[in-house]
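Coordinates as given in entry07.cif (mmCIF, C-alpha atoms; chains and numbers go by the auth columns):
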data_data
loop_
_atom_site.group_PDB
_atom_site.id
_atom_site.type_symbol
_atom_site.label_atom_id
_atom_site.label_comp_id
_atom_site.label_asym_id
_atom_site.label_seq_id
_atom_site.Cartn_x
_atom_site.Cartn_y
_atom_site.Cartn_z
_atom_site.B_iso_or_equiv
_atom_site.auth_seq_id
_atom_site.auth_asym_id
ATOM 1 C CA MET A 1 5.820 -70.326 -118.407 0.00 18 A
ATOM 2 C CA GLU A 2 9.070 -71.413 -116.770 0.00 19 A
ATOM 3 C CA ASP A 3 9.917 -67.785 -116.060 0.00 20 A
ATOM 4 C CA VAL A 4 6.659 -67.344 -114.144 0.00 21 A
ATOM 5 C CA VAL A 5 7.316 -70.472 -112.050 0.00 22 A
ATOM 6 C CA VAL A 6 10.877 -69.358 -111.303 0.00 23 A
ATOM 7 C CA MET A 7 9.613 -65.908 -110.312 0.00 24 A
ATOM 8 C CA LEU A 8 6.963 -67.424 -108.024 0.00 25 A
ATOM 9 C CA VAL A 9 9.481 -69.765 -106.362 0.00 26 A
ATOM 10 C CA CYS A 10 11.928 -66.890 -105.861 0.00 27 A
ATOM 11 C CA ALA A 11 9.183 -64.691 -104.444 0.00 28 A
ATOM 12 C CA VAL A 12 8.041 -67.369 -101.983 0.00 29 A
ATOM 13 C CA LEU A 13 11.572 -68.251 -100.905 0.00 30 A
ATOM 14 C CA GLY A 14 12.574 -64.600 -100.738 0.00 31 A
ATOM 15 C CA SER A 15 9.585 -63.537 -98.675 0.00 32 A
ATOM 16 C CA THR A 16 9.999 -66.528 -96.356 0.00 33 A
ATOM 17 C CA GLY A 17 13.625 -65.628 -95.792 0.00 34 A
ATOM 18 C CA LEU A 18 12.734 -61.997 -95.264 0.00 35 A
ATOM 19 C CA SER A 19 9.941 -62.849 -92.862 0.00 36 A
ATOM 20 C CA THR A 20 12.312 -65.127 -90.941 0.00 37 A
ATOM 21 C CA ILE A 21 14.833 -62.310 -90.634 0.00 38 A
ATOM 22 C CA VAL A 22 12.168 -59.814 -89.580 0.00 39 A
ATOM 23 C CA THR A 23 10.805 -62.278 -87.021 0.00 40 A
ATOM 24 C CA ALA A 24 14.286 -62.920 -85.630 0.00 41 A
ATOM 25 C CA VAL A 25 14.992 -59.184 -85.335 0.00 42 A
ATOM 26 C CA LEU A 26 11.659 -58.545 -83.607 0.00 43 A
ATOM 27 C CA ASN A 27 12.168 -61.450 -81.198 0.00 44 A
ATOM 28 C CA ARG A 28 15.618 -60.140 -80.311 0.00 45 A
ATOM 29 C CA HIS A 29 14.217 -56.646 -79.752 0.00 46 A
ATOM 30 C CA TRP A 30 11.414 -57.945 -77.517 0.00 47 A
ATOM 31 C CA HIS A 31 13.841 -60.139 -75.560 0.00 48 A
ATOM 32 C CA LYS A 32 16.145 -57.163 -74.938 0.00 49 A
ATOM 33 C CA LYS A 33 13.154 -55.070 -73.870 0.00 50 A
ATOM 34 C CA ASP A 34 12.047 -57.784 -71.437 0.00 51 A
ATOM 35 C CA ASN A 35 15.548 -57.872 -69.916 0.00 52 A
ATOM 36 C CA GLU A 36 15.578 -54.087 -69.594 0.00 53 A
ATOM 37 C CA ASP A 37 12.156 -54.179 -67.919 0.00 54 A
ATOM 38 C CA LYS A 38 13.435 -56.785 -65.452 0.00 55 A
ATOM 39 C CA LYS A 39 16.454 -54.612 -64.641 0.00 56 A
ATOM 40 C CA LEU A 40 14.257 -51.573 -64.085 0.00 57 A
ATOM 41 C CA ASP A 41 11.945 -53.612 -61.861 0.00 58 A
ATOM 42 C CA ALA A 42 14.956 -54.732 -59.810 0.00 59 A
ATOM 43 C CA ILE A 43 16.188 -51.142 -59.478 0.00 60 A
ATOM 44 C CA VAL A 44 12.748 -49.928 -58.363 0.00 61 A
ATOM 45 C CA THR A 45 12.498 -52.763 -55.831 0.00 62 A
ATOM 46 C CA GLY A 46 15.956 -51.947 -54.495 0.00 63 A
ATOM 47 C CA LEU A 47 15.084 -48.277 -54.123 0.00 64 A
ATOM 48 C CA LYS A 48 11.899 -49.127 -52.252 0.00 65 A
ATOM 49 C CA VAL A 49 13.849 -51.376 -49.864 0.00 66 A
ATOM 50 C CA LEU A 50 16.464 -48.683 -49.252 0.00 67 A
ATOM 51 C CA MET A 51 13.839 -46.019 -48.612 0.00 68 A
ATOM 52 C CA THR A 52 11.948 -48.279 -46.218 0.00 69 A
ATOM 53 C CA TYR A 53 15.160 -48.989 -44.328 0.00 70 A
ATOM 54 C CA ARG A 54 16.094 -45.309 -44.224 0.00 71 A
ATOM 55 C CA VAL A 55 12.676 -44.198 -42.966 0.00 72 A
ATOM 56 C CA ARG A 56 12.714 -46.865 -40.240 0.00 73 A
ATOM 57 C CA ARG A 57 16.204 -45.839 -39.109 0.00 74 A
ATOM 58 C CA ASN A 58 15.232 -42.156 -39.008 0.00 75 A
ATOM 59 C CA VAL A 59 12.050 -42.877 -37.058 0.00 76 A
ATOM 60 C CA GLU A 60 13.884 -45.121 -34.571 0.00 77 A
ATOM 61 C CA ARG A 61 16.526 -42.429 -34.034 0.00 78 A
ATOM 62 C CA CYS A 62 13.846 -39.797 -33.442 0.00 79 A
ATOM 63 C CA VAL A 63 11.964 -42.033 -31.011 0.00 80 A
ATOM 64 C CA ASP A 64 15.159 -42.757 -29.069 0.00 81 A
ATOM 65 C CA ARG A 65 15.990 -39.047 -28.953 0.00 82 A
ATOM 66 C CA GLY A 66 12.431 -38.115 -28.036 0.00 83 A
ATOM 67 C CA ASN A 67 11.916 -35.399 -30.645 0.00 84 A
ATOM 68 C CA VAL A 68 11.811 -34.777 -34.396 0.00 85 A
ATOM 69 C CA SER A 69 13.350 -31.818 -36.178 0.00 86 A
ATOM 70 C CA LEU A 70 11.466 -30.108 -38.982 0.00 87 A
ATOM 71 C CA ASP A 71 14.166 -31.171 -41.489 0.00 88 A
ATOM 72 C CA GLU A 72 13.833 -34.824 -40.471 0.00 89 A
ATOM 73 C CA LYS A 73 10.057 -34.643 -40.798 0.00 90 A
ATOM 74 C CA GLU A 74 10.322 -33.125 -44.286 0.00 91 A
ATOM 75 C CA ASP A 75 12.939 -35.706 -45.339 0.00 92 A
ATOM 76 C CA VAL A 76 10.693 -38.582 -44.259 0.00 93 A
ATOM 77 C CA LYS A 77 7.741 -37.002 -46.031 0.00 94 A
ATOM 78 C CA GLU A 78 9.721 -36.641 -49.286 0.00 95 A
ATOM 79 C CA MET A 79 11.007 -40.224 -49.088 0.00 96 A
ATOM 80 C CA PHE A 80 7.497 -41.514 -48.469 0.00 97 A
ATOM 81 C CA GLN A 81 6.154 -39.602 -51.487 0.00 98 A
ATOM 82 C CA ALA A 82 8.947 -41.025 -53.665 0.00 99 A
ATOM 83 C CA TYR A 83 8.247 -44.490 -52.274 0.00 100 A
ATOM 84 C CA LYS A 84 4.558 -44.198 -53.158 0.00 101 A
ATOM 85 C CA ALA A 85 5.443 -42.912 -56.638 0.00 102 A
ATOM 86 C CA LEU A 86 7.571 -46.040 -57.175 0.00 103 A
ATOM 87 C CA GLY A 87 4.550 -48.177 -56.335 0.00 104 A
ATOM 88 C CA GLY A 88 5.266 -48.793 -52.657 0.00 105 A
ATOM 89 C CA ASN A 89 2.339 -49.937 -50.584 0.00 106 A
ATOM 90 C CA GLY A 90 2.910 -47.590 -47.660 0.00 107 A
#

Have the structure of the file written as structure tokens, please.
Amino acid sequence: MEDVVVMLVCAVLGSTGLSTIVTAVLNRHWHKKDNEDKKLDAIVTGLKVLMTYRVRRNVERCVDRGNVSLDEKEDVKEMFQAYKALGGNG
């Protein structure tokens, strides 16, 4: 009878310890993933800001000059498509 009680106590304590370890590992993994997601969000936001700035500068330069070359038009079009793909609002 004592052996059964000892086995039950060991099983409960062992599974509790194991579940605590598993929970800690999962929490650490999720926390790291959240931090990585935040970094990626910051990178995407930065890229959108840079593309917006670049498009505005190119457009202002073209307006001042009074014409647009085909290369400049294609560059702006490609940047806009990339901006939209990153979730930019246009």

Distance in Å - atom CA of Asn44 of chain A versus atom CA of Val61 of chain A: 25.6 Å

Shell around Leu67 of chain A at 12 Å using all atoms listed in the file, local window under 5 positions removed, as a ChimeraX atom specification: /A:60-62,72-74,96-97,99-100,105

Output C-alpha atoms for every residue in the selection just made, as a PDB file, in the coordinates of the input.
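Here's the written file selection-v3.pdb:
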ATOM      1  CA  ILE A  60      16.188 -51.142 -59.478  1.00  0.00           C
ATOM      2  CA  VAL A  61      12.748 -49.928 -58.363  1.00  0.00           C
ATOM      3  CA  THR A  62      12.498 -52.763 -55.831  1.00  0.00           C
ATOM      4  CA  VAL A  72      12.676 -44.198 -42.966  1.00  0.00           C
ATOM      5  CA  ARG A  73      12.714 -46.865 -40.240  1.00  0.00           C
ATOM      6  CA  ARG A  74      16.204 -45.839 -39.109  1.00  0.00           C
ATOM      7  CA  MET A  96      11.007 -40.224 -49.088  1.00  0.00           C
ATOM      8  CA  PHE A  97       7.497 -41.514 -48.469  1.00  0.00           C
ATOM      9  CA  ALA A  99       8.947 -41.025 -53.665  1.00  0.00           C
ATOM     10  CA  TYR A 100       8.247 -44.490 -52.274  1.00  0.00           C
ATOM     11  CA  GLY A 105       5.266 -48.793 -52.657  1.00  0.00           C
TER      12      GLY A 105
END

Interatomic distance between atom CA of Arg78 of chain A and atom CA of Lys90 of chain A?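 About the pair atom CA of Arg78 of chain A and atom CA of Lys90 of chain A: they are 12.2 Å apart.
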
Straight-line distance linking atom CA of Trp47 of chain A with atom CA of Leu103 of chain A, stated in Å to one decimal: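 Atom-to-atom, atom CA of Trp47 of chain A to atom CA of Leu103 of chain A, that is 23.9 Å.
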
Show me, as a list in words, the residues that have an atom within 12 Å of Gln98 of chain A when counting only C-alpha atoms, minus same-chain residues fewer than 5 positions from it.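 Returned residues: Lys65, Met68, Thr69, Val72, Glu91, Asp92, Val93, Leu103, Gly104, Gly105, Asn106 and Gly107 of chain A.
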
Box time for segment 63-67 of chain A: axis-aligned, enclosing all its listed atoms, 8 Å extra on each side; report centre and edge lengths in Å to one decimal, as JSON.
{"center_x": 14.2, "center_y": -50.1, "center_z": -51.9, "size_x": 20.6, "size_y": 19.7, "size_z": 21.2}
